[in-house]
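Trainee: First the structure, then my questions, so here it is.
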Amino acid sequence: MMNGYSVEGDILVINRDLNELDFFVRDFLEVFKKHSDYLIVSGFVSISTGRARGTEDIDMLFPLMEEEAFMELFNNLLDEGFWCYQSDTAQGAYEYIRALSSIRFIKKGMQNPNMECIPITPERKAKYFEFNNPQKIRIGDFEFKIPPIEFEILYKELVLGSKKDLEDAMHLRVLFVDFIKGERFKEYETVIRGELK
Amino acid sequence: MKEIVSKKKVPVTDMDYVVLYARNLKMDNKHFRSHKMLIDSQIKSSNSFFKNMFGDGEEFKRKSREYLKKLGK
């Protein structure tokens, strides 16, 4: 019998096979991370660690980019078989990014799921904090970055707060009871409550 | 937390089941088999649902964009 997860250095290793949702996220990130840093947040953090629920979108933070860099990213994603809900052109999509609105990408030939890309700036203190303090996680050969588990739990409990979010938070609390560090909750709560003011 | 996990024997609420499942998953990764089946099945059924709702290819693109705009997304 093998545990659901193990820890290798600073990497959380989830002991399971990849599923179709993982393949979608992995394919997207393979392109995206050539152009920008990123952080996967919210539902996919819980689902990738075993929470048994579906999702239509995967949320991802990335730092606000210059238009030229964004155009390269956008066109690369198109070349690799993704399209954007908001626009068929990089210029059109960048209008959303410039306004700090999220944009969504989906794989050609599929109707679901989509990747919601959320631009952030240092003014979004809580989001910038989690972005700059990532937790590495690995499933099979797919490694990616998520927020610290304690931060994700608190964000779901204090900010989001729906039934689904509270269940996600509880899933993380129970599954990672031996991994999470109690003292981090106090530090992270200050950061999160700071953004709520 | 350890107390919350171990005290309840019979799950009643949705949250009880979340706790029970996470506790079992922590100890035994065989539970990921049903997790994979659920996720793969949800993607398949969702694709089918949205295909029925918005069609395929360019038609899907156009109709889903209109739908998202209505939702303000």
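Simple scheme: letters A, B, ... for chains in structure tokens order, numbers from 1 for residues in each chain, numbers from 1 for ligands in the order shown.
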Just need the residues of chain A within 6 Å of chain B, counting only C-alpha atoms, so spit them out as an MDAnalysis selection string.

Mentor: chainID A and resid 1:4 19:20 52 85 111:112 171 174:175

Trainee: So that I can check the surroundings of Ile137 (chain A), please list as a PDB file with C-alpha atoms, in the first residue's frame every protein, DNA and RNA residue that reaches within 12 Å of it, counting only C-alpha atoms and ignoring chain neighbours fewer than 2 positions away.

Mentor:
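around_28.pdb was written with the following content:
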ATOM      1  CA  TYR A   5       1.514  11.600  -1.489  1.00  0.00           C
ATOM      2  CA  SER A   6       5.118  11.814  -0.458  1.00  0.00           C
ATOM      3  CA  VAL A   7       7.631  14.626  -0.083  1.00  0.00           C
ATOM      4  CA  GLU A   8      10.897  14.725  -2.015  1.00  0.00           C
ATOM      5  CA  GLY A   9      13.020  17.658  -0.876  1.00  0.00           C
ATOM      6  CA  ASP A  10      10.775  20.682  -1.393  1.00  0.00           C
ATOM      7  CA  ILE A  11       8.481  18.935  -3.876  1.00  0.00           C
ATOM      8  CA  LEU A  12       5.090  17.444  -3.032  1.00  0.00           C
ATOM      9  CA  VAL A  13       4.750  14.235  -5.026  1.00  0.00           C
ATOM     10  CA  ILE A  14       1.209  13.018  -5.623  1.00  0.00           C
ATOM     11  CA  ASN A  15       1.260   9.270  -6.121  1.00  0.00           C
ATOM     12  CA  LEU A  39       1.157  29.959 -10.595  1.00  0.00           C
ATOM     13  CA  ILE A  40      -1.728  27.495 -10.716  1.00  0.00           C
ATOM     14  CA  PHE A  44      -7.018  22.629  -9.685  1.00  0.00           C
ATOM     15  CA  VAL A  45      -4.860  22.654  -6.542  1.00  0.00           C
ATOM     16  CA  SER A  46      -7.507  20.634  -4.727  1.00  0.00           C
ATOM     17  CA  SER A  48      -4.895  17.599  -8.633  1.00  0.00           C
ATOM     18  CA  THR A  49      -4.336  16.439  -5.057  1.00  0.00           C
ATOM     19  CA  PRO A 134       5.350  28.839  -4.783  1.00  0.00           C
ATOM     20  CA  GLN A 135       5.096  25.212  -3.724  1.00  0.00           C
ATOM     21  CA  ILE A 139       2.359  14.073 -10.597  1.00  0.00           C
ATOM     22  CA  GLY A 140       4.179  11.482 -12.696  1.00  0.00           C
ATOM     23  CA  ASP A 141       6.448  13.543 -14.980  1.00  0.00           C
ATOM     24  CA  PHE A 142       4.273  16.664 -14.687  1.00  0.00           C
ATOM     25  CA  GLU A 143       5.742  19.246 -12.327  1.00  0.00           C
ATOM     26  CA  PHE A 144       4.099  22.606 -11.732  1.00  0.00           C
ATOM     27  CA  LYS A 145       3.785  25.396  -9.182  1.00  0.00           C
ATOM     28  CA  ILE A 146       0.959  26.074  -6.749  1.00  0.00           C
ATOM     29  CA  PRO A 147       0.622  28.388  -3.732  1.00  0.00           C
ATOM     30  CA  PRO A 148       1.793  27.212  -0.310  1.00  0.00           C
ATOM     31  CA  ILE A 149      -0.857  24.721   0.861  1.00  0.00           C
TER      32      ILE A 149
END

Trainee: As an exercise, work out the distance from CA of Glu195 (chain A) to CA of Lys156 (chain A) in Å and give it to one decimal place.

Mentor: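 Here the two named atoms are 13.8 Å from each other.
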
Trainee: Provide the CA of Met170 (chain A) to CA of Arg51 (chain A) distance in Å, to one decimal place.

Mentor: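 Taking CA of Met170 (chain A) as the start and CA of Arg51 (chain A) as the end point, the length is 9.9 Å.
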
Trainee: Enumerate as a list in words all residues of region 125-189 of chain A assigned to strand (DSSP E) by DSSP on the backbone, naming them with the chain letters and numbers the document uses.

Mentor: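 The residues of region 125-189 of chain A classed as strand (DSSP E) are Gln135, Lys136, Ile137, Arg138, Ile139, Phe142, Glu143, Phe144, Lys145 and Ile146 of chain A.
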
Trainee: Output the selection as a PDB file, in the first residue's frame - N, CA and C atoms for each residue.

Mentor:
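As written to disk, out.pdb reads:
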ATOM      1  N   GLN A 135       4.842  26.595  -4.159  1.00  0.00           N
ATOM      2  CA  GLN A 135       5.096  25.212  -3.724  1.00  0.00           C
ATOM      3  C   GLN A 135       5.182  24.369  -4.995  1.00  0.00           C
ATOM      4  N   LYS A 136       6.272  23.606  -5.127  1.00  0.00           N
ATOM      5  CA  LYS A 136       6.365  22.720  -6.291  1.00  0.00           C
ATOM      6  C   LYS A 136       5.574  21.442  -6.014  1.00  0.00           C
ATOM      7  N   ILE A 137       4.937  20.944  -7.054  1.00  0.00           N
ATOM      8  CA  ILE A 137       4.161  19.712  -6.928  1.00  0.00           C
ATOM      9  C   ILE A 137       4.408  18.868  -8.176  1.00  0.00           C
ATOM     10  N   ARG A 138       4.436  17.548  -8.009  1.00  0.00           N
ATOM     11  CA  ARG A 138       4.695  16.683  -9.165  1.00  0.00           C
ATOM     12  C   ARG A 138       3.721  15.512  -9.186  1.00  0.00           C
ATOM     13  N   ILE A 139       3.211  15.245 -10.380  1.00  0.00           N
ATOM     14  CA  ILE A 139       2.359  14.073 -10.597  1.00  0.00           C
ATOM     15  C   ILE A 139       2.950  13.351 -11.796  1.00  0.00           C
ATOM     16  N   PHE A 142       4.836  15.313 -14.571  1.00  0.00           N
ATOM     17  CA  PHE A 142       4.273  16.664 -14.687  1.00  0.00           C
ATOM     18  C   PHE A 142       4.534  17.434 -13.395  1.00  0.00           C
ATOM     19  N   GLU A 143       5.444  18.421 -13.504  1.00  0.00           N
ATOM     20  CA  GLU A 143       5.742  19.246 -12.327  1.00  0.00           C
ATOM     21  C   GLU A 143       5.235  20.661 -12.574  1.00  0.00           C
ATOM     22  N   PHE A 144       4.608  21.244 -11.579  1.00  0.00           N
ATOM     23  CA  PHE A 144       4.099  22.606 -11.732  1.00  0.00           C
ATOM     24  C   PHE A 144       4.096  23.304 -10.375  1.00  0.00           C
ATOM     25  N   LYS A 145       3.705  24.586 -10.399  1.00  0.00           N
ATOM     26  CA  LYS A 145       3.785  25.396  -9.182  1.00  0.00           C
ATOM     27  C   LYS A 145       2.399  25.800  -8.688  1.00  0.00           C
ATOM     28  N   ILE A 146       2.214  25.680  -7.398  1.00  0.00           N
ATOM     29  CA  ILE A 146       0.959  26.074  -6.749  1.00  0.00           C
ATOM     30  C   ILE A 146       1.303  26.972  -5.558  1.00  0.00           C
TER      31      ILE A 146
END

Trainee: Using only C-alpha atoms, which of A:Glu152, A:Asp57, A:Glu157, A:Asp17 sits nearest Cys117 (chain A)?

Mentor: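 Using only C-alpha atoms, Cys117 (chain A) sits closest to A:Asp57.
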
Trainee: DSSP on the backbone: which residues in region 119-197 of chain A end up as alpha helix (DSSP H)? Give the answer as a ChimeraX atom specification.

Mentor: /A:125-132,149-154,163-175,182-196

Trainee: With a distance cut-off of 12 Å and only C-alpha atoms, select the neighbouring residues of Ser36 (chain A), excluding the residue or stretch itself and same-chain residues fewer than 3 positions from it, and output the selection as a ChimeraX atom specification.

Mentor: /A:29-33,39,60-66,69-70,72-74,117,119

Trainee: Let me see the file: selected residues, C-alpha atoms, as an mmCIF file, in the first residue's frame.

Mentor:
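New file selection25.cif:
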data_model
loop_
_atom_site.group_PDB
_atom_site.id
_atom_site.type_symbol
_atom_site.label_atom_id
_atom_site.label_comp_id
_atom_site.auth_asym_id
_atom_site.auth_seq_id
_atom_site.Cartn_x
_atom_site.Cartn_y
_atom_site.Cartn_z
ATOM 1 C CA LEU A 29 2.001 25.118 -19.414
ATOM 2 C CA GLU A 30 4.603 23.620 -21.738
ATOM 3 C CA VAL A 31 3.940 26.535 -24.074
ATOM 4 C CA PHE A 32 3.160 29.207 -21.495
ATOM 5 C CA LYS A 33 6.243 28.812 -19.328
ATOM 6 C CA LEU A 39 1.157 29.959 -10.595
ATOM 7 C CA MET A 60 -3.579 30.583 -13.351
ATOM 8 C CA LEU A 61 -1.816 33.789 -12.220
ATOM 9 C CA PHE A 62 0.889 35.444 -14.269
ATOM 10 C CA PRO A 63 2.646 38.814 -13.995
ATOM 11 C CA LEU A 64 1.383 41.576 -16.265
ATOM 12 C CA MET A 65 3.415 41.439 -19.503
ATOM 13 C CA GLU A 66 4.474 44.001 -22.075
ATOM 14 C CA ALA A 69 6.045 39.653 -25.079
ATOM 15 C CA PHE A 70 2.355 38.861 -24.851
ATOM 16 C CA GLU A 72 4.765 36.135 -28.840
ATOM 17 C CA LEU A 73 3.064 34.062 -26.147
ATOM 18 C CA PHE A 74 -0.373 34.402 -27.741
ATOM 19 C CA CYS A 117 -5.138 33.332 -17.183
ATOM 20 C CA PRO A 119 -2.739 38.958 -14.882
#

Trainee: Could you tell me how far CA of Arg184 (chain A) lies from CA of Phe151 (chain A), in Å and to one decimal?

Mentor: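 Interatomic distance, CA of Arg184 (chain A) to CA of Phe151 (chain A): 8.1 Å.
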
Trainee: Calculated over only C-alpha atoms, which of the candidates A:Gln86, A:Thr55, A:Ser102, A:Ser162 has the smallest distance to Tyr67 (chain B)?

Mentor: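 When distances to Tyr67 (chain B) are compared using only C-alpha atoms, the smallest one comes from A:Gln86.
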
Trainee: Any idea what's packed within 10 Å of Asp88 (chain A), counting only C-alpha atoms, ignoring anything in its chain fewer than 3 positions away? Could you give it as a PDB file with C-alpha atoms, in the first residue's frame?

Mentor:
ATOM      1  CA  PHE A  74      -0.373  34.402 -27.741  1.00  0.00           C
ATOM      2  CA  ASN A  75       0.834  33.412 -31.204  1.00  0.00           C
ATOM      3  CA  LEU A  78      -2.285  29.506 -31.306  1.00  0.00           C
ATOM      4  CA  TRP A  83      -7.571  29.490 -29.060  1.00  0.00           C
ATOM      5  CA  CYS A  84      -8.668  32.374 -26.925  1.00  0.00           C
ATOM      6  CA  TYR A  85     -12.278  33.031 -25.954  1.00  0.00           C
ATOM      7  CA  GLN A  91      -3.881  42.801 -29.930  1.00  0.00           C
ATOM      8  CA  GLY A  92      -7.521  42.103 -29.087  1.00  0.00           C
ATOM      9  CA  ALA A  93      -6.637  39.815 -26.197  1.00  0.00           C
TER      10      ALA A  93
END

Trainee: Which residue, A:Ile103, A:Asp178, A:Glu123, A:Arg53, has the smallest gap to Gly72 (chain B) when you use only C-alpha atoms?

Mentor: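 Once distances to Gly72 (chain B) are computed over only C-alpha atoms, the minimum belongs to A:Ile103.
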
Trainee: Closest to Gly43 (chain A) among A:Lys108, A:Lys197, A:Arg173, A:Lys164, using only C-alpha atoms?

Mentor: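 Checking each of A:Lys108, A:Lys197, A:Arg173, A:Lys164 against Gly43 (chain A), counting only C-alpha atoms, the winner is A:Lys164.
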